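**Student:** Structure file input.pdb, PDB, C-alpha atoms, is pasted below:
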```
ATOM      1  CA  MET A   1      -2.143 193.240  35.911
ATOM      2  CA  ARG A   2      -2.259 196.828  37.049
ATOM      3  CA  LEU A   3      -4.626 198.927  34.973
ATOM      4  CA  PRO A   4      -4.556 202.659  35.654
ATOM      5  CA  ALA A   5      -7.694 204.429  34.432
ATOM      6  CA  LYS A   6      -5.836 206.235  31.690
ATOM      7  CA  ASN A   7      -4.731 202.991  30.123
ATOM      8  CA  ALA A   8      -8.252 201.621  29.986
ATOM      9  CA  LEU A   9      -8.856 202.838  26.473
ATOM     10  CA  LYS A  10      -5.863 200.953  25.142
ATOM     11  CA  VAL A  11      -7.146 197.811  26.763
ATOM     12  CA  LEU A  12     -10.634 198.411  25.403
ATOM     13  CA  ALA A  13      -9.247 198.954  21.934
ATOM     14  CA  SER A  14      -7.290 195.720  21.988
ATOM     15  CA  ALA A  15      -9.761 193.606  23.904
ATOM     16  CA  ALA A  16     -12.197 192.985  21.074
ATOM     17  CA  ILE A  17      -9.982 190.171  19.902
ATOM     18  CA  PHE A  18     -10.469 188.222  23.134
ATOM     19  CA  ILE A  19     -13.381 185.938  23.776
ATOM     20  CA  PRO A  20     -14.408 185.867  27.435
ATOM     21  CA  SER A  21     -13.392 182.606  29.071
ATOM     22  CA  ILE A  22     -12.710 181.199  32.497
ATOM     23  CA  VAL A  23     -11.017 183.899  34.498
ATOM     24  CA  SER A  24      -8.732 183.479  37.453
ATOM     25  CA  ALA A  25      -8.046 186.943  38.775
ATOM     26  CA  ASP A  26      -4.764 187.388  40.583
ATOM     27  CA  ASN A  27      -4.735 189.258  43.852
ATOM     28  CA  GLN A  28      -3.530 192.581  42.512
ATOM     29  CA  ASP A  29      -6.246 192.509  39.839
ATOM     30  CA  VAL A  30      -8.885 191.956  42.501
ATOM     31  CA  ILE A  31      -7.572 194.950  44.462
ATOM     32  CA  ASP A  32      -7.220 197.200  41.399
ATOM     33  CA  TYR A  33     -10.727 196.341  40.252
ATOM     34  CA  ARG A  34     -12.409 197.150  43.556
ATOM     35  CA  GLU A  35     -10.404 200.385  43.788
ATOM     36  CA  HIS A  36     -11.828 201.487  40.432
ATOM     37  CA  ILE A  37     -15.294 200.847  41.906
ATOM     38  CA  MET A  38     -14.627 202.767  45.113
ATOM     39  CA  LYS A  39     -13.123 205.687  43.161
ATOM     40  CA  THR A  40     -16.274 205.731  41.059
ATOM     41  CA  LEU A  41     -18.237 206.127  44.281
ATOM     42  CA  ASP A  42     -15.851 208.895  45.447
ATOM     43  CA  GLU A  43     -16.410 210.859  42.250
ATOM     44  CA  GLN A  44     -20.158 210.284  42.198
ATOM     45  CA  THR A  45     -20.623 211.286  45.836
ATOM     46  CA  ALA A  46     -18.419 214.341  45.289
ATOM     47  CA  ALA A  47     -20.757 215.358  42.445
ATOM     48  CA  VAL A  48     -23.793 214.784  44.680
ATOM     49  CA  GLY A  49     -22.053 216.787  47.403
ATOM     50  CA  MET A  50     -21.796 219.720  44.982
ATOM     51  CA  ILE A  51     -25.531 219.472  44.324
ATOM     52  CA  LEU A  52     -26.329 219.274  48.044
ATOM     53  CA  SER A  53     -24.218 222.333  48.762
ATOM     54  CA  ASN A  54     -26.022 224.207  45.974
ATOM     55  CA  ALA A  55     -22.785 224.677  44.018
ATOM     56  CA  VAL A  56     -24.463 223.254  40.895
ATOM     57  CA  PRO A  57     -28.107 222.610  39.934
ATOM     58  CA  GLY A  58     -29.742 219.340  40.970
ATOM     59  CA  ASP A  59     -31.293 218.142  37.691
ATOM     60  CA  ASN A  60     -29.008 215.102  37.619
ATOM     61  CA  ALA A  61     -29.640 214.062  41.233
ATOM     62  CA  ALA A  62     -31.831 211.061  40.418
ATOM     63  CA  ALA A  63     -29.414 209.754  37.766
ATOM     64  CA  HIS A  64     -26.440 210.125  40.137
ATOM     65  CA  LEU A  65     -28.265 208.205  42.853
ATOM     66  CA  GLN A  66     -29.263 205.420  40.455
ATOM     67  CA  ALA A  67     -25.649 205.135  39.284
ATOM     68  CA  ILE A  68     -24.482 205.070  42.920
ATOM     69  CA  ALA A  69     -26.971 202.296  43.748
ATOM     70  CA  LEU A  70     -25.697 200.210  40.822
ATOM     71  CA  THR A  71     -22.106 200.843  41.865
ATOM     72  CA  ALA A  72     -22.805 199.861  45.480
ATOM     73  CA  GLN A  73     -24.101 196.507  44.245
ATOM     74  CA  ILE A  74     -21.008 196.123  42.075
ATOM     75  CA  ALA A  75     -18.817 197.028  45.062
ATOM     76  CA  LEU A  76     -20.257 194.297  47.249
ATOM     77  CA  LYS A  77     -19.475 191.679  44.577
ATOM     78  CA  ALA A  78     -16.013 193.180  44.083
ATOM     79  CA  PHE A  79     -15.204 192.603  47.771
ATOM     80  CA  GLU A  80     -16.438 188.988  47.795
ATOM     81  CA  PRO A  81     -13.009 187.504  46.991
ATOM     82  CA  LYS A  82     -11.174 187.435  50.331
ATOM     83  CA  VAL A  83      -8.126 189.379  49.217
ATOM     84  CA  PRO A  84      -6.835 191.780  51.889
ATOM     85  CA  GLY A  85      -4.809 194.713  50.624
ATOM     86  CA  GLY A  86      -5.182 198.165  49.179
ATOM     87  CA  GLU A  87      -7.146 200.308  51.631
ATOM     88  CA  ALA A  88      -9.400 197.500  52.853
ATOM     89  CA  LYS A  89      -9.065 196.500  56.500
ATOM     90  CA  PRO A  90      -9.205 192.773  57.307
ATOM     91  CA  GLU A  91     -12.497 193.514  59.104
ATOM     92  CA  VAL A  92     -14.215 193.574  55.692
ATOM     93  CA  TRP A  93     -13.981 189.786  55.680
ATOM     94  CA  SER A  94     -13.937 189.029  59.422
ATOM     95  CA  ASN A  95     -17.176 191.084  59.809
ATOM     96  CA  TRP A  96     -18.588 190.115  56.413
ATOM     97  CA  ALA A  97     -22.190 189.879  57.685
ATOM     98  CA  ASP A  98     -22.070 193.499  58.873
ATOM     99  CA  PHE A  99     -20.095 194.743  55.862
ATOM    100  CA  SER A 100     -22.452 193.190  53.334
ATOM    101  CA  LYS A 101     -25.523 194.357  55.283
ATOM    102  CA  ARG A 102     -24.218 197.929  55.155
ATOM    103  CA  MET A 103     -23.421 197.712  51.455
ATOM    104  CA  ASN A 104     -26.878 196.323  50.674
ATOM    105  CA  GLU A 105     -28.521 199.084  52.734
ATOM    106  CA  PHE A 106     -26.377 201.663  50.940
ATOM    107  CA  ALA A 107     -27.609 200.329  47.563
ATOM    108  CA  LYS A 108     -31.237 200.144  48.737
ATOM    109  CA  ASN A 109     -31.274 203.613  50.288
ATOM    110  CA  SER A 110     -29.592 205.199  47.262
ATOM    111  CA  LEU A 111     -32.255 203.691  45.036
ATOM    112  CA  GLU A 112     -35.000 205.010  47.328
ATOM    113  CA  ALA A 113     -33.437 208.473  47.271
ATOM    114  CA  ALA A 114     -33.281 208.255  43.455
ATOM    115  CA  ALA A 115     -36.976 207.369  43.355
ATOM    116  CA  LEU A 116     -37.810 210.323  45.621
ATOM    117  CA  ALA A 117     -35.748 212.690  43.451
ATOM    118  CA  LYS A 118     -37.475 211.373  40.328
ATOM    119  CA  GLU A 119     -40.967 211.572  41.759
ATOM    120  CA  LYS A 120     -40.848 214.833  43.676
ATOM    121  CA  GLY A 121     -38.074 216.710  41.874
ATOM    122  CA  TYR A 122     -34.906 217.983  43.416
ATOM    123  CA  ASP A 123     -36.553 220.785  45.371
ATOM    124  CA  ASP A 124     -38.476 218.495  47.690
ATOM    125  CA  PRO A 125     -37.375 219.513  51.198
ATOM    126  CA  ALA A 126     -37.130 215.897  52.396
ATOM    127  CA  LEU A 127     -34.635 214.953  49.709
ATOM    128  CA  ALA A 128     -31.391 216.381  51.123
ATOM    129  CA  ALA A 129     -31.809 214.488  54.400
ATOM    130  CA  LYS A 130     -32.733 211.314  52.528
ATOM    131  CA  ILE A 131     -29.601 211.606  50.383
ATOM    132  CA  VAL A 132     -27.322 212.172  53.378
ATOM    133  CA  ASP A 133     -28.864 209.122  55.086
ATOM    134  CA  ALA A 134     -28.358 207.079  51.912
ATOM    135  CA  LEU A 135     -24.625 207.806  51.680
ATOM    136  CA  PRO A 136     -23.030 206.736  54.959
ATOM    137  CA  CYS A 137     -19.530 206.773  53.463
ATOM    138  CA  LYS A 138     -17.716 207.994  56.556
ATOM    139  CA  SER A 139     -19.307 205.663  59.108
ATOM    140  CA  CYS A 140     -18.442 202.668  56.948
ATOM    141  CA  HIS A 141     -14.942 203.870  56.051
ATOM    142  CA  ASP A 142     -14.187 204.450  59.758
ATOM    143  CA  VAL A 143     -14.581 200.719  60.336
ATOM    144  CA  TYR A 144     -13.503 199.131  57.076
ATOM    145  CA  ARG A 145     -11.014 201.446  55.375
ATOM    146  CA  LYS A 146      -7.416 202.291  56.161
ATOM    147  CA  GLU A 147      -6.868 205.333  53.972
ATOM    148  CA  LYS A 148      -3.499 205.661  52.268
ATOM    149  CA  LYS A 149      -2.142 209.149  52.850
TER     150      LYS A 149
ATOM    151  CA  MET B   1     -16.055 226.248  45.175
ATOM    152  CA  ARG B   2     -13.538 223.466  44.649
ATOM    153  CA  LEU B   3     -14.671 220.142  46.053
ATOM    154  CA  PRO B   4     -12.085 217.369  45.996
ATOM    155  CA  ALA B   5     -13.622 213.931  46.249
ATOM    156  CA  LYS B   6     -12.211 213.340  49.697
ATOM    157  CA  ASN B   7     -14.025 216.348  51.075
ATOM    158  CA  ALA B   8     -17.363 215.212  49.728
ATOM    159  CA  LEU B   9     -18.281 213.460  52.944
ATOM    160  CA  LYS B  10     -17.855 216.607  54.972
ATOM    161  CA  VAL B  11     -20.126 218.446  52.596
ATOM    162  CA  LEU B  12     -22.639 215.647  52.696
ATOM    163  CA  ALA B  13     -22.573 215.624  56.468
ATOM    164  CA  SER B  14     -23.195 219.338  56.693
ATOM    165  CA  ALA B  15     -25.557 219.682  53.771
ATOM    166  CA  ALA B  16     -28.643 218.327  55.473
ATOM    167  CA  ILE B  17     -29.261 221.752  56.930
ATOM    168  CA  PHE B  18     -29.614 223.336  53.475
ATOM    169  CA  ILE B  19     -32.838 223.410  51.557
ATOM    170  CA  PRO B  20     -32.320 223.309  47.801
ATOM    171  CA  SER B  21     -33.009 226.663  46.226
ATOM    172  CA  ILE B  22     -32.150 228.604  43.109
ATOM    173  CA  VAL B  23     -28.564 227.825  42.246
ATOM    174  CA  SER B  24     -26.188 229.967  40.284
ATOM    175  CA  ALA B  25     -23.093 227.858  39.750
ATOM    176  CA  ASP B  26     -19.881 229.786  39.308
ATOM    177  CA  ASN B  27     -17.554 228.752  36.496
ATOM    178  CA  GLN B  28     -15.130 226.751  38.613
ATOM    179  CA  ASP B  29     -18.027 224.811  40.120
ATOM    180  CA  VAL B  30     -19.282 223.935  36.640
ATOM    181  CA  ILE B  31     -15.808 222.685  35.671
ATOM    182  CA  ASP B  32     -15.265 220.754  38.918
ATOM    183  CA  TYR B  33     -18.666 219.118  38.631
ATOM    184  CA  ARG B  34     -18.169 217.862  35.081
ATOM    185  CA  GLU B  35     -14.671 216.638  35.988
ATOM    186  CA  HIS B  36     -16.187 214.459  38.728
ATOM    187  CA  ILE B  37     -18.490 213.020  36.068
ATOM    188  CA  MET B  38     -15.694 212.354  33.572
ATOM    189  CA  LYS B  39     -13.514 210.769  36.282
ATOM    190  CA  THR B  40     -16.458 208.516  37.113
ATOM    191  CA  LEU B  41     -16.445 207.408  33.474
ATOM    192  CA  ASP B  42     -12.653 206.887  33.617
ATOM    193  CA  GLU B  43     -12.953 204.609  36.619
ATOM    194  CA  GLN B  44     -15.964 202.717  35.273
ATOM    195  CA  THR B  45     -14.378 202.136  31.873
ATOM    196  CA  ALA B  46     -11.141 201.047  33.560
ATOM    197  CA  ALA B  47     -13.169 198.456  35.490
ATOM    198  CA  VAL B  48     -14.859 197.306  32.267
ATOM    199  CA  GLY B  49     -11.426 197.182  30.628
ATOM    200  CA  MET B  50     -10.277 194.753  33.330
ATOM    201  CA  ILE B  51     -13.298 192.559  32.585
ATOM    202  CA  LEU B  52     -12.649 192.691  28.826
ATOM    203  CA  SER B  53      -9.028 191.716  29.313
ATOM    204  CA  ASN B  54     -10.135 188.789  31.519
ATOM    205  CA  ALA B  55      -8.266 190.173  34.520
ATOM    206  CA  VAL B  56     -11.426 189.838  36.640
ATOM    207  CA  PRO B  57     -14.725 187.962  36.149
ATOM    208  CA  GLY B  58     -17.518 189.638  34.187
ATOM    209  CA  ASP B  59     -20.513 189.173  36.511
ATOM    210  CA  ASN B  60     -20.810 192.925  36.984
ATOM    211  CA  ALA B  61     -20.606 193.822  33.290
ATOM    212  CA  ALA B  62     -24.298 194.685  32.873
ATOM    213  CA  ALA B  63     -24.351 196.853  36.011
ATOM    214  CA  HIS B  64     -21.199 198.709  34.930
ATOM    215  CA  LEU B  65     -22.694 199.415  31.513
ATOM    216  CA  GLN B  66     -25.964 200.648  33.029
ATOM    217  CA  ALA B  67     -24.028 202.958  35.350
ATOM    218  CA  ILE B  68     -21.960 204.196  32.390
ATOM    219  CA  ALA B  69     -25.124 204.919  30.382
ATOM    220  CA  LEU B  70     -26.557 206.936  33.274
ATOM    221  CA  THR B  71     -23.278 208.794  33.673
ATOM    222  CA  ALA B  72     -23.099 209.597  29.949
ATOM    223  CA  GLN B  73     -26.521 211.241  30.205
ATOM    224  CA  ILE B  74     -25.364 213.171  33.252
ATOM    225  CA  ALA B  75     -22.204 214.205  31.385
ATOM    226  CA  LEU B  76     -24.122 215.717  28.496
ATOM    227  CA  LYS B  77     -26.124 217.881  30.916
ATOM    228  CA  ALA B  78     -22.970 218.801  32.794
ATOM    229  CA  PHE B  79     -21.444 220.231  29.597
ATOM    230  CA  GLU B  80     -24.544 222.269  28.674
ATOM    231  CA  PRO B  81     -23.339 225.429  30.437
ATOM    232  CA  LYS B  82     -20.922 227.028  28.004
ATOM    233  CA  VAL B  83     -17.962 227.279  30.366
ATOM    234  CA  PRO B  84     -14.626 226.550  28.657
ATOM    235  CA  GLY B  85     -11.840 225.377  30.929
ATOM    236  CA  GLY B  86     -10.481 222.271  32.582
ATOM    237  CA  GLU B  87      -9.658 219.717  29.894
ATOM    238  CA  ALA B  88     -12.532 220.650  27.586
ATOM    239  CA  LYS B  89     -11.621 222.119  24.196
ATOM    240  CA  PRO B  90     -13.743 225.031  22.919
ATOM    241  CA  GLU B  91     -14.944 222.654  20.187
ATOM    242  CA  VAL B  92     -17.318 221.102  22.742
ATOM    243  CA  TRP B  93     -19.518 224.186  22.338
ATOM    244  CA  SER B  94     -18.633 225.284  18.794
ATOM    245  CA  ASN B  95     -19.488 221.736  17.546
ATOM    246  CA  TRP B  96     -22.295 221.185  20.059
ATOM    247  CA  ALA B  97     -24.509 219.296  17.586
ATOM    248  CA  ASP B  98     -21.756 216.728  16.995
ATOM    249  CA  PHE B  99     -20.670 216.589  20.638
ATOM    250  CA  SER B 100     -24.190 216.009  21.941
ATOM    251  CA  LYS B 101     -24.930 213.454  19.204
ATOM    252  CA  ARG B 102     -21.841 211.474  20.239
ATOM    253  CA  MET B 103     -22.743 211.661  23.919
ATOM    254  CA  ASN B 104     -26.296 210.500  23.234
ATOM    255  CA  GLU B 105     -25.018 207.611  21.103
ATOM    256  CA  PHE B 106     -22.565 206.705  23.859
ATOM    257  CA  ALA B 107     -25.427 206.549  26.369
ATOM    258  CA  LYS B 108     -27.689 204.600  23.974
ATOM    259  CA  ASN B 109     -25.014 202.083  22.962
ATOM    260  CA  SER B 110     -23.928 201.503  26.570
ATOM    261  CA  LEU B 111     -27.513 200.743  27.501
ATOM    262  CA  GLU B 112     -27.817 198.315  24.572
ATOM    263  CA  ALA B 113     -24.587 196.598  25.631
ATOM    264  CA  ALA B 114     -25.968 196.379  29.190
ATOM    265  CA  ALA B 115     -29.144 194.762  27.855
ATOM    266  CA  LEU B 116     -27.102 192.249  25.844
ATOM    267  CA  ALA B 117     -24.955 191.408  28.894
ATOM    268  CA  LYS B 118     -28.084 190.962  31.002
ATOM    269  CA  GLU B 119     -29.919 188.834  28.457
ATOM    270  CA  LYS B 120     -27.136 186.638  27.118
ATOM    271  CA  GLY B 121     -24.675 186.640  30.023
ATOM    272  CA  TYR B 122     -21.121 187.819  29.900
ATOM    273  CA  ASP B 123     -19.838 184.873  27.873
ATOM    274  CA  ASP B 124     -21.778 185.760  24.738
ATOM    275  CA  PRO B 125     -19.141 186.103  21.998
ATOM    276  CA  ALA B 126     -20.773 189.223  20.527
ATOM    277  CA  LEU B 127     -20.549 191.148  23.791
ATOM    278  CA  ALA B 128     -16.900 192.218  23.810
ATOM    279  CA  ALA B 129     -17.192 193.864  20.384
ATOM    280  CA  LYS B 130     -20.458 195.511  21.384
ATOM    281  CA  ILE B 131     -18.846 196.934  24.516
ATOM    282  CA  VAL B 132     -15.854 198.288  22.629
ATOM    283  CA  ASP B 133     -18.217 199.925  20.111
ATOM    284  CA  ALA B 134     -20.247 201.410  22.947
ATOM    285  CA  LEU B 135     -17.254 203.110  24.583
ATOM    286  CA  PRO B 136     -15.638 205.363  21.967
ATOM    287  CA  CYS B 137     -13.694 207.287  24.611
ATOM    288  CA  LYS B 138     -10.556 207.858  22.557
ATOM    289  CA  SER B 139     -12.205 209.019  19.327
ATOM    290  CA  CYS B 140     -14.220 211.601  21.243
ATOM    291  CA  HIS B 141     -11.332 212.706  23.479
ATOM    292  CA  ASP B 142      -9.134 213.197  20.399
ATOM    293  CA  VAL B 143     -11.507 215.926  19.238
ATOM    294  CA  TYR B 144     -12.890 217.396  22.444
ATOM    295  CA  ARG B 145     -10.319 216.924  25.211
ATOM    296  CA  LYS B 146      -7.011 218.580  25.868
ATOM    297  CA  GLU B 147      -5.532 216.267  28.472
ATOM    298  CA  LYS B 148      -3.569 217.879  31.290
ATOM    299  CA  LYS B 149      -0.274 216.063  31.681
TER     300      LYS B 149
END
```
What does this structure look like when you write it as structure tokens?
**Tutor:**
Amino acid sequence: MRLPAKNALKVLASAAIFIPSIVSADNQDVIDYREHIMKTLDEQTAAVGMILSNAVPGDNAAAHLQAIALTAQIALKAFEPKVPGGEAKPEVWSNWADFSKRMNEFAKNSLEAAALAKEKGYDDPALAAKIVDALPCKSCHDVYRKEKK
Amino acid sequence: MRLPAKNALKVLASAAIFIPSIVSADNQDVIDYREHIMKTLDEQTAAVGMILSNAVPGDNAAAHLQAIALTAQIALKAFEPKVPGGEAKPEVWSNWADFSKRMNEFAKNSLEAAALAKEKGYDDPALAAKIVDALPCKSCHDVYRKEKK
């Protein structure tokens, strides 16, 4: 089942009548689901990018980084089913040890950056570098993503 | 400054040279920033919608709901600057007491749903209804959002 974001509310509204049961996701569902996760990360890192570039204030930095850490953990689980397709290269599964190590580091480093932002406040001079280190989007996408133009 | 999601990485890569300082966001920045937050919520609720409709397994439900709660708190702060535009109706600011109450309830209820998912597991029969209650996207959008077609 394809589920564009704007139809989610309809599904939510009608879903209360279902009781969760054994689920066998079909391949397109698996792909759609992980794309919702990766788009979440796109939007969150874009927001953090605006903070880093001083376009908007940084009060939310810690909360963004916590949400990113949670979403990175979700992402790793979302890629566990070996279902090539979407923008994922087959290397995700053929190099799973490396892919999952990177995802776990991404989650761990985002959480550490969140802790630093919480403890020291957004103006701490070490924070920007820590955040950039925590979000290695490009280096991972270069290996594991084939972007659709 | 407009910052599409796909340019976020470039900003992140170049931002390490900046030290956070006093920020005066211009109006378009304020709008772009909050739109990244609301799109995050779109994607996250779409993912939760897929879980609720049994399209994919629910192992990540608690993490999604925690991330949504964090993002709801971020969203409220992102709407604090009184900058009409984008898809926000002027009622966001003229009814601020109601708007902020709804946003705070959204955050609180999402966190409670996350706690229930964590404690009882995704198969608890009360969870689906709790999640639907926690995510009142449509009722709030009906009042406060003018969707761009």
**Student:** Could you tell me which residues the PyMOL selection byres ((chain B and resi 59) around 10) grabs in this file, written as a list in words?
**Tutor:**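 This file, filtered by the PyMOL selection byres ((chain B and resi 59) around 10), leaves Ile74, Lys77 and Ala78 of chain A; Ile51, Val56, Pro57, Gly58, Asn60, Ala61, Ala62, Ala63, His64, Ala117, Lys118, Gly121, Tyr122 and Asp123 of chain B.
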**Student:** Please provide chain A as a short mmCIF file (atom, residue, chain, number, x, y, z; two decimals) with C-alpha atoms, keeping the file's coordinate frame, once it has been superposed on chain B by least squares across all sequentially paired Cα atoms.
**Tutor:**
```
data_model
loop_
_atom_site.label_atom_id
_atom_site.label_comp_id
_atom_site.auth_asym_id
_atom_site.auth_seq_id
_atom_site.Cartn_x
_atom_site.Cartn_y
_atom_site.Cartn_z
CA MET A 1 -16.12 226.26 45.31
CA ARG A 2 -13.58 223.55 44.68
CA LEU A 3 -14.68 220.19 46.03
CA PRO A 4 -12.08 217.43 45.91
CA ALA A 5 -13.63 213.96 46.15
CA LYS A 6 -12.18 213.35 49.58
CA ASN A 7 -13.97 216.35 51.01
CA ALA A 8 -17.34 215.22 49.70
CA LEU A 9 -18.26 213.45 52.89
CA LYS A 10 -17.80 216.59 54.95
CA VAL A 11 -20.06 218.44 52.58
CA LEU A 12 -22.62 215.64 52.68
CA ALA A 13 -22.55 215.63 56.45
CA SER A 14 -23.16 219.36 56.68
CA ALA A 15 -25.51 219.72 53.75
CA ALA A 16 -28.61 218.33 55.42
CA ILE A 17 -29.22 221.73 56.93
CA PHE A 18 -29.61 223.35 53.51
CA ILE A 19 -32.83 223.41 51.59
CA PRO A 20 -32.29 223.30 47.83
CA SER A 21 -33.01 226.67 46.25
CA ILE A 22 -32.18 228.63 43.14
CA VAL A 23 -28.61 227.84 42.24
CA SER A 24 -26.22 229.96 40.27
CA ALA A 25 -23.13 227.87 39.74
CA ASP A 26 -19.91 229.78 39.29
CA ASN A 27 -17.57 228.77 36.52
CA GLN A 28 -15.15 226.77 38.62
CA ASP A 29 -18.05 224.80 40.12
CA VAL A 30 -19.29 223.94 36.64
CA ILE A 31 -15.82 222.69 35.68
CA ASP A 32 -15.28 220.76 38.94
CA TYR A 33 -18.67 219.11 38.64
CA ARG A 34 -18.17 217.87 35.08
CA GLU A 35 -14.69 216.63 36.00
CA HIS A 36 -16.20 214.47 38.74
CA ILE A 37 -18.50 213.01 36.06
CA MET A 38 -15.70 212.35 33.58
CA LYS A 39 -13.54 210.76 36.30
CA THR A 40 -16.47 208.51 37.13
CA LEU A 41 -16.45 207.40 33.50
CA ASP A 42 -12.66 206.88 33.63
CA GLU A 43 -12.97 204.60 36.64
CA GLN A 44 -15.97 202.72 35.28
CA THR A 45 -14.38 202.13 31.88
CA ALA A 46 -11.15 201.05 33.57
CA ALA A 47 -13.17 198.45 35.50
CA VAL A 48 -14.86 197.31 32.27
CA GLY A 49 -11.43 197.18 30.63
CA MET A 50 -10.30 194.75 33.34
CA ILE A 51 -13.31 192.55 32.59
CA LEU A 52 -12.66 192.70 28.84
CA SER A 53 -9.04 191.72 29.32
CA ASN A 54 -10.14 188.79 31.50
CA ALA A 55 -8.27 190.17 34.53
CA VAL A 56 -11.44 189.84 36.63
CA PRO A 57 -14.74 187.96 36.14
CA GLY A 58 -17.53 189.62 34.17
CA ASP A 59 -20.53 189.17 36.50
CA ASN A 60 -20.83 192.93 36.99
CA ALA A 61 -20.63 193.81 33.28
CA ALA A 62 -24.31 194.68 32.87
CA ALA A 63 -24.37 196.84 36.01
CA HIS A 64 -21.21 198.70 34.93
CA LEU A 65 -22.71 199.41 31.52
CA GLN A 66 -25.98 200.65 33.02
CA ALA A 67 -24.04 202.95 35.35
CA ILE A 68 -21.97 204.19 32.40
CA ALA A 69 -25.13 204.91 30.38
CA LEU A 70 -26.57 206.94 33.27
CA THR A 71 -23.29 208.80 33.67
CA ALA A 72 -23.10 209.60 29.95
CA GLN A 73 -26.52 211.24 30.20
CA ILE A 74 -25.36 213.17 33.26
CA ALA A 75 -22.20 214.20 31.39
CA LEU A 76 -24.12 215.72 28.50
CA LYS A 77 -26.14 217.88 30.91
CA ALA A 78 -22.96 218.79 32.80
CA PHE A 79 -21.44 220.22 29.60
CA GLU A 80 -24.53 222.26 28.67
CA PRO A 81 -23.33 225.43 30.44
CA LYS A 82 -20.89 227.05 28.00
CA VAL A 83 -17.95 227.28 30.37
CA PRO A 84 -14.61 226.56 28.66
CA GLY A 85 -11.83 225.37 30.94
CA GLY A 86 -10.48 222.28 32.59
CA GLU A 87 -9.66 219.72 29.90
CA ALA A 88 -12.53 220.66 27.60
CA LYS A 89 -11.62 222.12 24.21
CA PRO A 90 -13.73 225.03 22.94
CA GLU A 91 -14.94 222.65 20.20
CA VAL A 92 -17.32 221.10 22.75
CA TRP A 93 -19.50 224.18 22.35
CA SER A 94 -18.61 225.28 18.81
CA ASN A 95 -19.47 221.74 17.56
CA TRP A 96 -22.27 221.18 20.07
CA ALA A 97 -24.48 219.30 17.58
CA ASP A 98 -21.74 216.72 16.99
CA PHE A 99 -20.66 216.58 20.65
CA SER A 100 -24.17 216.01 21.94
CA LYS A 101 -24.91 213.45 19.20
CA ARG A 102 -21.83 211.47 20.24
CA MET A 103 -22.73 211.66 23.92
CA ASN A 104 -26.29 210.50 23.23
CA GLU A 105 -25.00 207.61 21.10
CA PHE A 106 -22.54 206.70 23.86
CA ALA A 107 -25.43 206.54 26.37
CA LYS A 108 -27.67 204.59 23.97
CA ASN A 109 -25.00 202.08 22.97
CA SER A 110 -23.92 201.49 26.57
CA LEU A 111 -27.51 200.73 27.49
CA GLU A 112 -27.81 198.31 24.56
CA ALA A 113 -24.59 196.58 25.62
CA ALA A 114 -25.98 196.35 29.18
CA ALA A 115 -29.15 194.74 27.84
CA LEU A 116 -27.10 192.23 25.83
CA ALA A 117 -24.97 191.39 28.88
CA LYS A 118 -28.11 190.94 30.98
CA GLU A 119 -29.92 188.81 28.44
CA LYS A 120 -27.14 186.60 27.13
CA GLY A 121 -24.68 186.63 30.03
CA TYR A 122 -21.12 187.80 29.89
CA ASP A 123 -19.85 184.86 27.86
CA ASP A 124 -21.78 185.75 24.73
CA PRO A 125 -19.13 186.09 22.01
CA ALA A 126 -20.77 189.20 20.52
CA LEU A 127 -20.56 191.13 23.78
CA ALA A 128 -16.90 192.21 23.81
CA ALA A 129 -17.19 193.84 20.38
CA LYS A 130 -20.47 195.49 21.37
CA ILE A 131 -18.86 196.92 24.51
CA VAL A 132 -15.84 198.28 22.63
CA ASP A 133 -18.20 199.91 20.10
CA ALA A 134 -20.24 201.40 22.95
CA LEU A 135 -17.26 203.11 24.59
CA PRO A 136 -15.63 205.35 21.99
CA CYS A 137 -13.69 207.29 24.63
CA LYS A 138 -10.56 207.87 22.57
CA SER A 139 -12.20 209.02 19.34
CA CYS A 140 -14.22 211.60 21.26
CA HIS A 141 -11.34 212.71 23.49
CA ASP A 142 -9.13 213.21 20.41
CA VAL A 143 -11.51 215.94 19.25
CA TYR A 144 -12.90 217.41 22.44
CA ARG A 145 -10.33 216.93 25.20
CA LYS A 146 -7.00 218.60 25.87
CA GLU A 147 -5.52 216.30 28.48
CA LYS A 148 -3.56 217.91 31.30
CA LYS A 149 -0.25 216.11 31.70
#
```
**Student:** For atom CA of A:Ala69 and atom CA of A:Ser110, determine how far apart the two atoms are, in Å to one decimal place.
**Tutor:**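 Answer for the atom CA of A:Ala69 to atom CA of A:Ser110 separation: 5.3 Å.
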**Student:** I'd like to know which of A:Ala75, A:Asn27, A:Ile68, A:Asn54 is closest to A:Glu112, using only C-alpha atoms.
**Tutor:**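 Nearest to A:Glu112: A:Ile68.
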**Student:** For a quick check of understanding, using all atoms listed in the file, which of B:Phe79, B:Leu111, B:Leu135, B:Val143 has the smallest distance to chain A?
**Tutor:**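 Selected residue with least distance to chain A: B:Leu135.
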**Student:** Between A:Phe106, A:Glu43, A:Glu91, A:Lys101, which is the closest to A:Cys137 once you count only C-alpha atoms?
**Tutor:**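 Once distances to A:Cys137 are computed over only C-alpha atoms, the minimum belongs to A:Phe106.
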**Student:** Work out how far atom CA of A:Val48 is from atom CA of B:Gly85, in Å to one decimal.
**Tutor:**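 So the two atoms, atom CA of B:Gly85 and atom CA of A:Val48, lie 21.1 Å apart.
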**Student:** Looking at only C-alpha atoms, which of B:Pro136, B:Ala47, B:His141, B:Pro84 is the one that sits closest to A:Thr71?
**Tutor:**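 Closest to A:Thr71, using only C-alpha atoms: B:Ala47.
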**Student:** For B:Ala113, find every residue with an atom within 8 Å (counting only C-alpha atoms), except residues of its own chain fewer than 3 positions away, and show them as number ranges by chain.
**Tutor:** B: 62, 65, 109-110, 116-117, 127, 130-131, 134
**Student:** Expressed in Å to a single decimal, how great is the separation between atom CA of A:Ala67 and atom CA of B:Asp29?
**Tutor:** 21.1 Å
